[in-house]
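Reading through the structure tokens given below for one structure.
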Protein chains: 2
Amino acid sequence: MSRASDRAYAGIRSMILSGELPAGASLGEEALAERCGVSRTPVRDALRRLEAELLVKRNESQRSFVADWSLSDVADAFELRAILEGHAARRAAERMDDTTLQRLRACNNAIFEAIQPHQPNIAGFLEGNRGFHAIILEASGSRRLTSLLATLIEQPVIWRTANHYGREALRRSHGEHDELLSAFARRDGAWAEALMAAHIRRAFHAYADAHQGLATFELARTA
Amino acid sequence: MSRASDRAYAGIRSMILSGELPAGASLGEEALAERCGVSRTPVRDALRRLEAELLVKRNESQRSFVADWSLSDVADAFELRAILEGHAARRAAERMDDTTLQRLRACNNAIFEAIQPHQPNIAGFLEGNRGFHAIILEASGSRRLTSLLATLIEQPVIWRTANHYGREALRRSHGEHDELLSAFARRDGAWAEALMAAHIRRAFHAYADAHQGLATFELARTA
DNA sequence: AATCTCTATATTGTATACAAACTGCCTAGG
DNA sequence: CCTAGGCAGTTTGTATACAATATAGAGATT
């Protein structure tokens, strides 16, 4: 996409993810256009994209608002991710080649570096994690699966709470990736699918725990 | 959506589905605007929607074309549909109430009427079929699942070939719906999921057969 | 003859002006 | 005091003009 449209998209998106625009906030096109330094046209474009990603919802008279993701919404998304990414893992295992396997190993090594206690680099972990899952998706060889999962992986609230993940959760994530690598190495699709489903579901509970902690923390601050 | 934008969307969509705009055809905004009697703005809007539905694809420099759905693309879509609608059927069975069950029965009765030999009403069959699956989706109680499936159910080429379905395929479809009703009546999620997955996969093969026949037919006409 | 470049043309991206629709308030009537 | 209606302000939808970019074709050069 071209410059202005991308600026609007990236700008609004980061405002939402950072919490600058809280859930339920009104998203007037004119106001957003001014804040992003572009005209309404690219803003409208960006809002449509964000709406497709379910970060933005529109009421019956076409006004836009920041979508509010309740815990049950997030649970819903994770459940579908577990199913679809499990399926992707199965297909990837069945189609796995040595080059891809090497790339996955390298990716998980990068994650290992990022979570070393002396410097727990969360951004690095997220980056590596994203890469790991992206490679699997690519290896699954289903463009449609990739496009479906795109809207599920862009979890809105998650990046905000990632910093609250415990070291333990990060280490388990790395270990589960290692197990996945074993399944891929054996080209065992069913094994990979089961591992991936478990991996995603555990990630959900890690999120729920962190979210729970965060929620009470914010409650305490407000009181 | 408002009038002009909807007209553009409906217009372009029907041009694609009817085959008036064949796969690979160039979709210039100006030309479409003229054909639909609106300006480029709503056309751009419509193209984005159609792109999200994968009916339209864009090349690297943002020009739009009618997407070509190879048989393997269609197979891909059906495979995902089988998984996701299977999941939806499971959830629907677990949450089933008597009112919804009645609505499903009524819907399948309507399908039965439509496929009676003396007047095999294909449009009626498709309408009833769409309704049946929509009710299940609604009963699954997952908005996200619904939104994911929306892009999969809008199969581009399928409606064109529906007329080539044999009576046998239509009757089997009705019968499978009946079996699903049994599973729903017992609130047996696993049963419903298995039946739905089988139902979708059989539908794919019916499509593939009809498509095969259609392809050779068109080939013959061209020669 | 092949290829490269430059220019003319076509197409998409952006901005802005205007039209239509919705919201909320304020007043008039019961 | 409460409700209905309409009016003013705000917000989104559409059209159009202009800018930026990509494509294709002609001409020149090797």
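Simple scheme: letters A, B, ... for chains in structure tokens order, numbers from 1 for residues in each chain, numbers from 1 for ligands in the order shown.
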Go through chain C residue by residue and, counting only C-alpha atoms (C1' of nucleotides), keep those with an atom at most 12 Å from chain B; for each kept residue give the shortest atom pair and its distance in Å to one decimal, ordered by chain and increasing number, as a tab-separated table.
```
residue	atom	partner	partner_atom	distance
C:DA10	C1'	B:Gly28	CA	10.0
C:DT11	C1'	B:Gly28	CA	7.3
C:DT12	C1'	B:Gln62	CA	7.3
C:DG13	C1'	B:Gln62	CA	10.1
C:DT14	C1'	B:Thr41	CA	11.6
C:DA20	C1'	B:Ser2	CA	10.0
C:DA21	C1'	B:Ser2	CA	9.9
```
Writing out the chosen residues with N, CA and C atoms (P, O5', C5', C4', C3', O3' and C1' of nucleotides) as a PDB file, in the first residue's frame:
```pdb
ATOM      1  P    DA C  10      -4.632   6.605 -23.055  1.00  0.00           P
ATOM      2  O5'  DA C  10      -4.738   5.516 -21.896  1.00  0.00           O
ATOM      3  C5'  DA C  10      -3.907   4.343 -21.963  1.00  0.00           C
ATOM      4  C4'  DA C  10      -3.772   3.748 -20.580  1.00  0.00           C
ATOM      5  C3'  DA C  10      -5.060   3.767 -19.762  1.00  0.00           C
ATOM      6  O3'  DA C  10      -5.175   2.526 -19.089  1.00  0.00           O
ATOM      7  C1'  DA C  10      -3.338   4.845 -18.559  1.00  0.00           C
ATOM      8  P    DT C  11      -6.520   2.124 -18.321  1.00  0.00           P
ATOM      9  O5'  DT C  11      -6.028   2.122 -16.801  1.00  0.00           O
ATOM     10  C5'  DT C  11      -4.813   1.440 -16.450  1.00  0.00           C
ATOM     11  C4'  DT C  11      -4.499   1.722 -14.999  1.00  0.00           C
ATOM     12  C3'  DT C  11      -5.729   1.835 -14.097  1.00  0.00           C
ATOM     13  O3'  DT C  11      -5.563   0.997 -12.966  1.00  0.00           O
ATOM     14  C1'  DT C  11      -4.305   3.683 -13.788  1.00  0.00           C
ATOM     15  P    DT C  12      -6.756   0.791 -11.904  1.00  0.00           P
ATOM     16  O5'  DT C  12      -6.039   1.274 -10.558  1.00  0.00           O
ATOM     17  C5'  DT C  12      -4.730   0.828 -10.250  1.00  0.00           C
ATOM     18  C4'  DT C  12      -4.057   1.805  -9.317  1.00  0.00           C
ATOM     19  C3'  DT C  12      -4.810   2.060  -8.006  1.00  0.00           C
ATOM     20  O3'  DT C  12      -3.886   1.979  -6.927  1.00  0.00           O
ATOM     21  C1'  DT C  12      -4.289   4.110  -9.041  1.00  0.00           C
ATOM     22  P    DG C  13      -4.367   2.273  -5.429  1.00  0.00           P
ATOM     23  O5'  DG C  13      -3.844   3.742  -5.184  1.00  0.00           O
ATOM     24  C5'  DG C  13      -2.487   3.929  -4.791  1.00  0.00           C
ATOM     25  C4'  DG C  13      -2.278   5.338  -4.241  1.00  0.00           C
ATOM     26  C3'  DG C  13      -3.090   5.641  -2.976  1.00  0.00           C
ATOM     27  O3'  DG C  13      -2.277   6.386  -2.086  1.00  0.00           O
ATOM     28  C1'  DG C  13      -3.665   7.181  -4.679  1.00  0.00           C
ATOM     29  P    DT C  14      -2.803   6.805  -0.674  1.00  0.00           P
ATOM     30  O5'  DT C  14      -3.266   8.294  -0.925  1.00  0.00           O
ATOM     31  C5'  DT C  14      -2.295   9.255  -1.359  1.00  0.00           C
ATOM     32  C4'  DT C  14      -2.937  10.613  -1.471  1.00  0.00           C
ATOM     33  C3'  DT C  14      -3.750  11.062  -0.257  1.00  0.00           C
ATOM     34  O3'  DT C  14      -3.170  12.264   0.225  1.00  0.00           O
ATOM     35  C1'  DT C  14      -4.955  11.425  -2.282  1.00  0.00           C
ATOM     36  P    DA C  20     -28.481  14.954  -1.833  1.00  0.00           P
ATOM     37  O5'  DA C  20     -28.387  13.875  -0.660  1.00  0.00           O
ATOM     38  C5'  DA C  20     -27.682  12.659  -0.891  1.00  0.00           C
ATOM     39  C4'  DA C  20     -27.498  11.925   0.433  1.00  0.00           C
ATOM     40  C3'  DA C  20     -28.765  11.801   1.272  1.00  0.00           C
ATOM     41  O3'  DA C  20     -28.831  10.472   1.774  1.00  0.00           O
ATOM     42  C1'  DA C  20     -27.042  12.739   2.567  1.00  0.00           C
ATOM     43  P    DA C  21     -30.172   9.892   2.375  1.00  0.00           P
ATOM     44  O5'  DA C  21     -29.755   9.371   3.814  1.00  0.00           O
ATOM     45  C5'  DA C  21     -28.473   8.788   4.003  1.00  0.00           C
ATOM     46  C4'  DA C  21     -28.034   8.991   5.435  1.00  0.00           C
ATOM     47  C3'  DA C  21     -29.172   8.849   6.449  1.00  0.00           C
ATOM     48  O3'  DA C  21     -28.913   7.715   7.238  1.00  0.00           O
ATOM     49  C1'  DA C  21     -27.780  10.746   6.918  1.00  0.00           C
TER      50       DA C  21
END
```
- Message: Please return, as number ranges by chain, all residues of segment 3-130 of chain B that DSSP assigns to helix (DSSP H, G or I) on the basis of the backbone.
- Response: B: 3-18, 29-36, 40-52, 71-95, 98-114, 122-130
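Note that the spacing between atom CA of Arg91 of chain B and atom CA of Ala134 of chain A amounts to 28.6 Å.
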- From the set A:His87, A:His177, A:Arg95, A:Arg105, which residue has the shortest atom-to-atom contact distance to chain B, counting only C-alpha atoms? A:His87
- If we count only C-alpha atoms (C1' of nucleotides), which residues of chain D reach to within 10 Å of chain B? Please list them as a list in words. DT12, DG13, DT14, DA15, DT16, DT21 and DA22 of chain D
Can you write just those residues out, N, CA and C atoms (P, O5', C5', C4', C3', O3' and C1' of nucleotides), as a PDB file, in the first residue's frame?
```
ATOM      1  P    DT D  12     -17.680   9.421  11.246  1.00  0.00           P
ATOM      2  O5'  DT D  12     -18.397   8.900   9.926  1.00  0.00           O
ATOM      3  C5'  DT D  12     -19.584   8.116  10.036  1.00  0.00           C
ATOM      4  C4'  DT D  12     -20.325   8.103   8.723  1.00  0.00           C
ATOM      5  C3'  DT D  12     -19.545   7.463   7.560  1.00  0.00           C
ATOM      6  O3'  DT D  12     -20.409   6.580   6.865  1.00  0.00           O
ATOM      7  C1'  DT D  12     -20.288   9.604   6.940  1.00  0.00           C
ATOM      8  P    DG D  13     -19.920   5.798   5.573  1.00  0.00           P
ATOM      9  O5'  DG D  13     -20.553   6.649   4.387  1.00  0.00           O
ATOM     10  C5'  DG D  13     -21.910   6.396   4.022  1.00  0.00           C
ATOM     11  C4'  DG D  13     -22.205   7.027   2.675  1.00  0.00           C
ATOM     12  C3'  DG D  13     -21.380   6.468   1.513  1.00  0.00           C
ATOM     13  O3'  DG D  13     -22.224   6.308   0.384  1.00  0.00           O
ATOM     14  C1'  DG D  13     -21.012   8.798   1.684  1.00  0.00           C
ATOM     15  P    DT D  14     -21.694   5.687  -0.935  1.00  0.00           P
ATOM     16  O5'  DT D  14     -21.391   6.990  -1.796  1.00  0.00           O
ATOM     17  C5'  DT D  14     -22.458   7.879  -2.108  1.00  0.00           C
ATOM     18  C4'  DT D  14     -21.963   9.007  -2.978  1.00  0.00           C
ATOM     19  C3'  DT D  14     -21.152   8.567  -4.201  1.00  0.00           C
ATOM     20  O3'  DT D  14     -21.809   9.070  -5.347  1.00  0.00           O
ATOM     21  C1'  DT D  14     -20.044  10.326  -3.031  1.00  0.00           C
ATOM     22  P    DA D  15     -21.294   8.697  -6.794  1.00  0.00           P
ATOM     23  O5'  DA D  15     -20.530  10.039  -7.192  1.00  0.00           O
ATOM     24  C5'  DA D  15     -21.238  11.272  -7.118  1.00  0.00           C
ATOM     25  C4'  DA D  15     -20.322  12.453  -7.388  1.00  0.00           C
ATOM     26  C3'  DA D  15     -19.465  12.322  -8.658  1.00  0.00           C
ATOM     27  O3'  DA D  15     -19.631  13.491  -9.435  1.00  0.00           O
ATOM     28  C1'  DA D  15     -18.096  12.856  -6.772  1.00  0.00           C
ATOM     29  P    DT D  16     -19.084  13.534 -10.927  1.00  0.00           P
ATOM     30  O5'  DT D  16     -17.709  14.338 -10.763  1.00  0.00           O
ATOM     31  C5'  DT D  16     -17.728  15.553 -10.003  1.00  0.00           C
ATOM     32  C4'  DT D  16     -16.324  16.034  -9.710  1.00  0.00           C
ATOM     33  C3'  DT D  16     -15.315  15.879 -10.853  1.00  0.00           C
ATOM     34  O3'  DT D  16     -14.603  17.095 -10.967  1.00  0.00           O
ATOM     35  C1'  DT D  16     -14.399  15.052  -8.886  1.00  0.00           C
ATOM     36  P    DT D  21       5.355   8.345  -6.142  1.00  0.00           P
ATOM     37  O5'  DT D  21       5.044   7.029  -6.984  1.00  0.00           O
ATOM     38  C5'  DT D  21       3.819   6.320  -6.759  1.00  0.00           C
ATOM     39  C4'  DT D  21       3.439   5.543  -7.986  1.00  0.00           C
ATOM     40  C3'  DT D  21       4.607   4.855  -8.701  1.00  0.00           C
ATOM     41  O3'  DT D  21       4.419   3.461  -8.596  1.00  0.00           O
ATOM     42  C1'  DT D  21       3.086   5.810 -10.226  1.00  0.00           C
ATOM     43  P    DA D  22       5.512   2.403  -9.014  1.00  0.00           P
ATOM     44  O5'  DA D  22       4.801   1.694 -10.252  1.00  0.00           O
ATOM     45  C5'  DA D  22       3.507   1.148 -10.080  1.00  0.00           C
ATOM     46  C4'  DA D  22       2.861   0.910 -11.434  1.00  0.00           C
ATOM     47  C3'  DA D  22       3.673   0.014 -12.372  1.00  0.00           C
ATOM     48  O3'  DA D  22       2.795  -0.894 -13.000  1.00  0.00           O
ATOM     49  C1'  DA D  22       3.186   2.046 -13.439  1.00  0.00           C
TER      50       DA D  22
END
```
Closest atom pairs, chain A residues within 12 Å of chain B, only C-alpha atoms, as a tab-separated table:
```
residue	atom	partner	partner_atom	distance
A:Met1	CA	B:Gln62	CA	7.7
A:Ser2	CA	B:Gln62	CA	9.4
A:Thr41	CA	B:Thr41	CA	9.2
A:Pro42	CA	B:Thr41	CA	11.6
A:Arg44	CA	B:Asp45	CA	9.4
A:Asp45	CA	B:Asp45	CA	8.2
A:Ala46	CA	B:Arg48	CA	11.1
A:Leu47	CA	B:Asp45	CA	11.5
A:Arg48	CA	B:Arg48	CA	8.5
A:Arg49	CA	B:Arg48	CA	8.9
A:Glu51	CA	B:Arg49	CA	11.3
A:Ala52	CA	B:Ala52	CA	8.2
A:Glu53	CA	B:Ser147	CA	10.4
A:Leu54	CA	B:Arg144	CA	8.9
A:Arg58	CA	B:Met1	CA	11.1
A:Asn59	CA	B:Met1	CA	11.4
A:Glu60	CA	B:Met1	CA	9.4
A:Ser61	CA	B:Met1	CA	8.7
A:Gln62	CA	B:Met1	CA	7.7
A:Arg63	CA	B:Met1	CA	11.4
A:Trp69	CA	B:Arg144	CA	11.5
A:Ser72	CA	B:Ser142	CA	9.8
A:Asp73	CA	B:Arg144	CA	8.1
A:Val74	CA	B:Arg144	CA	9.9
A:Ala75	CA	B:Ser142	CA	10.3
A:Asp76	CA	B:Ser142	CA	6.9
A:Ala77	CA	B:Arg144	CA	6.9
A:Phe78	CA	B:Arg144	CA	10.5
A:Glu79	CA	B:Leu145	CA	9.8
A:Leu80	CA	B:Leu145	CA	7.4
A:Arg81	CA	B:Leu145	CA	10.5
A:Ala82	CA	B:Leu84	CA	11.6
A:Ile83	CA	B:Ile83	CA	8.2
A:Leu84	CA	B:Leu80	CA	8.3
A:Glu85	CA	B:Leu80	CA	11.5
A:Gly86	CA	B:Ile83	CA	11.1
A:His87	CA	B:Ile83	CA	8.9
A:Ala88	CA	B:Leu80	CA	10.4
A:Arg91	CA	B:Asp76	CA	11.7
A:Ser140	CA	B:Asp76	CA	11.3
A:Gly141	CA	B:Asp76	CA	9.8
A:Ser142	CA	B:Asp76	CA	6.9
A:Arg143	CA	B:Asp76	CA	8.6
A:Arg144	CA	B:Ala77	CA	6.9
A:Leu145	CA	B:Leu80	CA	7.4
A:Thr146	CA	B:Leu80	CA	11.2
A:Ser147	CA	B:Ala52	CA	9.2
A:Leu148	CA	B:Leu148	CA	6.6
A:Leu149	CA	B:Leu148	CA	9.1
A:Ala150	CA	B:Leu148	CA	10.7
A:Thr151	CA	B:Leu148	CA	8.7
A:Leu152	CA	B:Arg144	CA	8.9
```
Take the residues that were just selected and, keeping C-alpha atoms, output them as a short mmCIF file (atom, residue, chain, number, x, y, z; two decimals), in the first residue's frame.
```cif
data_model
loop_
_atom_site.label_atom_id
_atom_site.label_comp_id
_atom_site.auth_asym_id
_atom_site.auth_seq_id
_atom_site.Cartn_x
_atom_site.Cartn_y
_atom_site.Cartn_z
CA MET A 1 0.00 0.00 0.00
CA SER A 2 0.96 3.53 -0.58
CA THR A 41 -9.70 9.05 2.13
CA PRO A 42 -6.77 6.94 3.38
CA ARG A 44 -11.44 5.34 5.51
CA ASP A 45 -9.24 2.81 3.80
CA ALA A 46 -7.38 2.06 7.02
CA LEU A 47 -10.60 1.74 9.01
CA ARG A 48 -11.90 -0.88 6.61
CA ARG A 49 -8.73 -2.90 7.02
CA GLU A 51 -12.52 -3.57 10.72
CA ALA A 52 -11.63 -6.73 8.80
CA GLU A 53 -9.09 -7.51 11.52
CA LEU A 54 -11.85 -6.97 14.09
CA ARG A 58 -19.01 -0.23 13.28
CA ASN A 59 -22.43 0.44 14.67
CA GLU A 60 -25.60 0.21 12.61
CA SER A 61 -25.18 3.72 11.27
CA GLN A 62 -21.61 3.19 10.08
CA ARG A 63 -19.80 4.98 12.86
CA TRP A 69 -12.27 -7.74 23.34
CA SER A 72 -14.55 -14.67 26.10
CA ASP A 73 -13.84 -13.03 22.73
CA VAL A 74 -10.16 -13.76 23.20
CA ALA A 75 -10.97 -17.33 24.23
CA ASP A 76 -13.03 -17.67 21.08
CA ALA A 77 -10.14 -16.47 18.93
CA PHE A 78 -7.65 -18.78 20.63
CA GLU A 79 -9.91 -21.77 20.19
CA LEU A 80 -10.12 -21.17 16.47
CA ARG A 81 -6.40 -20.52 16.28
CA ALA A 82 -5.76 -23.85 17.99
CA ILE A 83 -7.86 -25.64 15.39
CA LEU A 84 -6.51 -23.85 12.34
CA GLU A 85 -2.89 -23.65 13.36
CA GLY A 86 -3.07 -27.27 14.43
CA HIS A 87 -4.25 -28.09 10.94
CA ALA A 88 -1.47 -25.93 9.48
CA ARG A 91 0.06 -30.04 6.70
CA SER A 140 1.47 -25.62 5.15
CA GLY A 141 1.05 -24.54 1.54
CA SER A 142 -2.49 -23.24 1.91
CA ARG A 143 -2.84 -19.58 1.01
CA ARG A 144 -6.39 -19.56 2.27
CA LEU A 145 -5.40 -20.92 5.65
CA THR A 146 -2.81 -18.18 5.90
CA SER A 147 -5.31 -15.49 5.08
CA LEU A 148 -7.82 -16.84 7.60
CA LEU A 149 -5.28 -16.99 10.38
CA ALA A 150 -4.03 -13.49 9.67
CA THR A 151 -7.10 -12.01 11.34
CA LEU A 152 -6.77 -14.31 14.33
#
```
- Name all residues at most 10 Å from Leu181 of chain B (count only C-alpha atoms (C1' of nucleotides); drop same-chain ones fewer than 2 positions away) and give them as a PyMOL selection string. chain B and resi 93+101-102+104-105+108+175-179+183-187+192
Take the residues that were just selected and, keeping N, CA and C atoms, output them as a PDB file, in the first residue's frame.
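The resulting file, result07.pdb, is reproduced below:
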```pdb
ATOM      1  N   ALA B  93     -24.586 -28.245  18.423  1.00  0.00           N
ATOM      2  CA  ALA B  93     -25.242 -29.395  19.051  1.00  0.00           C
ATOM      3  C   ALA B  93     -25.213 -29.259  20.570  1.00  0.00           C
ATOM      4  N   LEU B 101     -34.016 -26.111  16.827  1.00  0.00           N
ATOM      5  CA  LEU B 101     -34.217 -27.407  16.195  1.00  0.00           C
ATOM      6  C   LEU B 101     -35.422 -27.353  15.253  1.00  0.00           C
ATOM      7  N   GLN B 102     -36.480 -26.705  15.706  1.00  0.00           N
ATOM      8  CA  GLN B 102     -37.670 -26.565  14.865  1.00  0.00           C
ATOM      9  C   GLN B 102     -37.357 -25.786  13.596  1.00  0.00           C
ATOM     10  N   LEU B 104     -34.524 -25.507  12.104  1.00  0.00           N
ATOM     11  CA  LEU B 104     -33.720 -26.338  11.212  1.00  0.00           C
ATOM     12  C   LEU B 104     -34.591 -27.343  10.470  1.00  0.00           C
ATOM     13  N   ARG B 105     -35.538 -27.938  11.204  1.00  0.00           N
ATOM     14  CA  ARG B 105     -36.433 -28.924  10.571  1.00  0.00           C
ATOM     15  C   ARG B 105     -37.243 -28.263   9.473  1.00  0.00           C
ATOM     16  N   ASN B 108     -35.114 -27.698   6.426  1.00  0.00           N
ATOM     17  CA  ASN B 108     -34.840 -28.897   5.626  1.00  0.00           C
ATOM     18  C   ASN B 108     -36.107 -29.382   4.913  1.00  0.00           C
ATOM     19  N   GLY B 175     -30.744 -35.707   2.745  1.00  0.00           N
ATOM     20  CA  GLY B 175     -30.655 -36.815   3.689  1.00  0.00           C
ATOM     21  C   GLY B 175     -29.607 -36.567   4.767  1.00  0.00           C
ATOM     22  N   GLU B 176     -28.490 -35.986   4.367  1.00  0.00           N
ATOM     23  CA  GLU B 176     -27.430 -35.698   5.336  1.00  0.00           C
ATOM     24  C   GLU B 176     -27.881 -34.648   6.346  1.00  0.00           C
ATOM     25  N   HIS B 177     -28.633 -33.695   5.861  1.00  0.00           N
ATOM     26  CA  HIS B 177     -29.200 -32.705   6.784  1.00  0.00           C
ATOM     27  C   HIS B 177     -30.082 -33.401   7.818  1.00  0.00           C
ATOM     28  N   ASP B 178     -30.832 -34.379   7.352  1.00  0.00           N
ATOM     29  CA  ASP B 178     -31.700 -35.136   8.254  1.00  0.00           C
ATOM     30  C   ASP B 178     -30.893 -35.834   9.344  1.00  0.00           C
ATOM     31  N   GLU B 179     -29.788 -36.412   8.927  1.00  0.00           N
ATOM     32  CA  GLU B 179     -28.926 -37.073   9.917  1.00  0.00           C
ATOM     33  C   GLU B 179     -28.388 -36.062  10.924  1.00  0.00           C
ATOM     34  N   ALA B 183     -28.476 -35.838  15.150  1.00  0.00           N
ATOM     35  CA  ALA B 183     -27.365 -35.540  16.059  1.00  0.00           C
ATOM     36  C   ALA B 183     -27.692 -34.334  16.937  1.00  0.00           C
ATOM     37  N   PHE B 184     -28.313 -33.331  16.322  1.00  0.00           N
ATOM     38  CA  PHE B 184     -28.678 -32.143  17.096  1.00  0.00           C
ATOM     39  C   PHE B 184     -29.725 -32.495  18.153  1.00  0.00           C
ATOM     40  N   ALA B 185     -30.703 -33.322  17.756  1.00  0.00           N
ATOM     41  CA  ALA B 185     -31.767 -33.691  18.691  1.00  0.00           C
ATOM     42  C   ALA B 185     -31.188 -34.402  19.913  1.00  0.00           C
ATOM     43  N   ARG B 186     -30.117 -35.181  19.694  1.00  0.00           N
ATOM     44  CA  ARG B 186     -29.476 -35.867  20.833  1.00  0.00           C
ATOM     45  C   ARG B 186     -28.425 -34.996  21.512  1.00  0.00           C
ATOM     46  N   ARG B 187     -28.203 -33.825  20.999  1.00  0.00           N
ATOM     47  CA  ARG B 187     -27.159 -32.937  21.549  1.00  0.00           C
ATOM     48  C   ARG B 187     -25.805 -33.644  21.538  1.00  0.00           C
ATOM     49  N   ALA B 192     -22.406 -34.692  15.455  1.00  0.00           N
ATOM     50  CA  ALA B 192     -22.725 -33.587  14.548  1.00  0.00           C
ATOM     51  C   ALA B 192     -21.483 -33.142  13.791  1.00  0.00           C
TER      52      ALA B 192
END
```
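The gap separating atom CA of Asn109 of chain A from atom CA of Arg172 of chain A is 13.9 Å, in Å to one decimal.
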- Pull the strand (DSSP E) assignments for chain B out of DSSP run on the backbone, and list those residues as a ChimeraX atom specification. /B:56-58,64-66
Could those residues be written to a file, using N, CA and C atoms, as a PDB file, in the first residue's frame?
```pdb
ATOM      1  N   VAL B  56     -11.530 -11.185  -5.862  1.00  0.00           N
ATOM      2  CA  VAL B  56     -10.672 -10.273  -6.622  1.00  0.00           C
ATOM      3  C   VAL B  56      -9.276 -10.355  -6.046  1.00  0.00           C
ATOM      4  N   LYS B  57      -8.300 -10.364  -6.917  1.00  0.00           N
ATOM      5  CA  LYS B  57      -6.926 -10.326  -6.409  1.00  0.00           C
ATOM      6  C   LYS B  57      -6.235  -9.094  -6.991  1.00  0.00           C
ATOM      7  N   ARG B  58      -5.191  -8.644  -6.313  1.00  0.00           N
ATOM      8  CA  ARG B  58      -4.462  -7.471  -6.792  1.00  0.00           C
ATOM      9  C   ARG B  58      -3.035  -7.869  -7.073  1.00  0.00           C
ATOM     10  N   SER B  64      -6.303  -4.475 -10.013  1.00  0.00           N
ATOM     11  CA  SER B  64      -7.221  -5.545  -9.614  1.00  0.00           C
ATOM     12  C   SER B  64      -7.594  -6.444 -10.789  1.00  0.00           C
ATOM     13  N   PHE B  65      -7.771  -7.718 -10.504  1.00  0.00           N
ATOM     14  CA  PHE B  65      -8.163  -8.700 -11.510  1.00  0.00           C
ATOM     15  C   PHE B  65      -9.155  -9.679 -10.903  1.00  0.00           C
ATOM     16  N   VAL B  66      -9.935 -10.319 -11.756  1.00  0.00           N
ATOM     17  CA  VAL B  66     -10.814 -11.372 -11.285  1.00  0.00           C
ATOM     18  C   VAL B  66      -9.949 -12.564 -10.895  1.00  0.00           C
TER      19      VAL B  66
END
```
- Please provide the set of residues having any atom within 9 Å of segment 118-125 of chain B, restricted to only C-alpha atoms (C1' of nucleotides), with same-chain residues fewer than 4 positions apart removed, written as an NGL selection string. :B and (110-114 or 129-130 or 162-163 or 167 or 170)
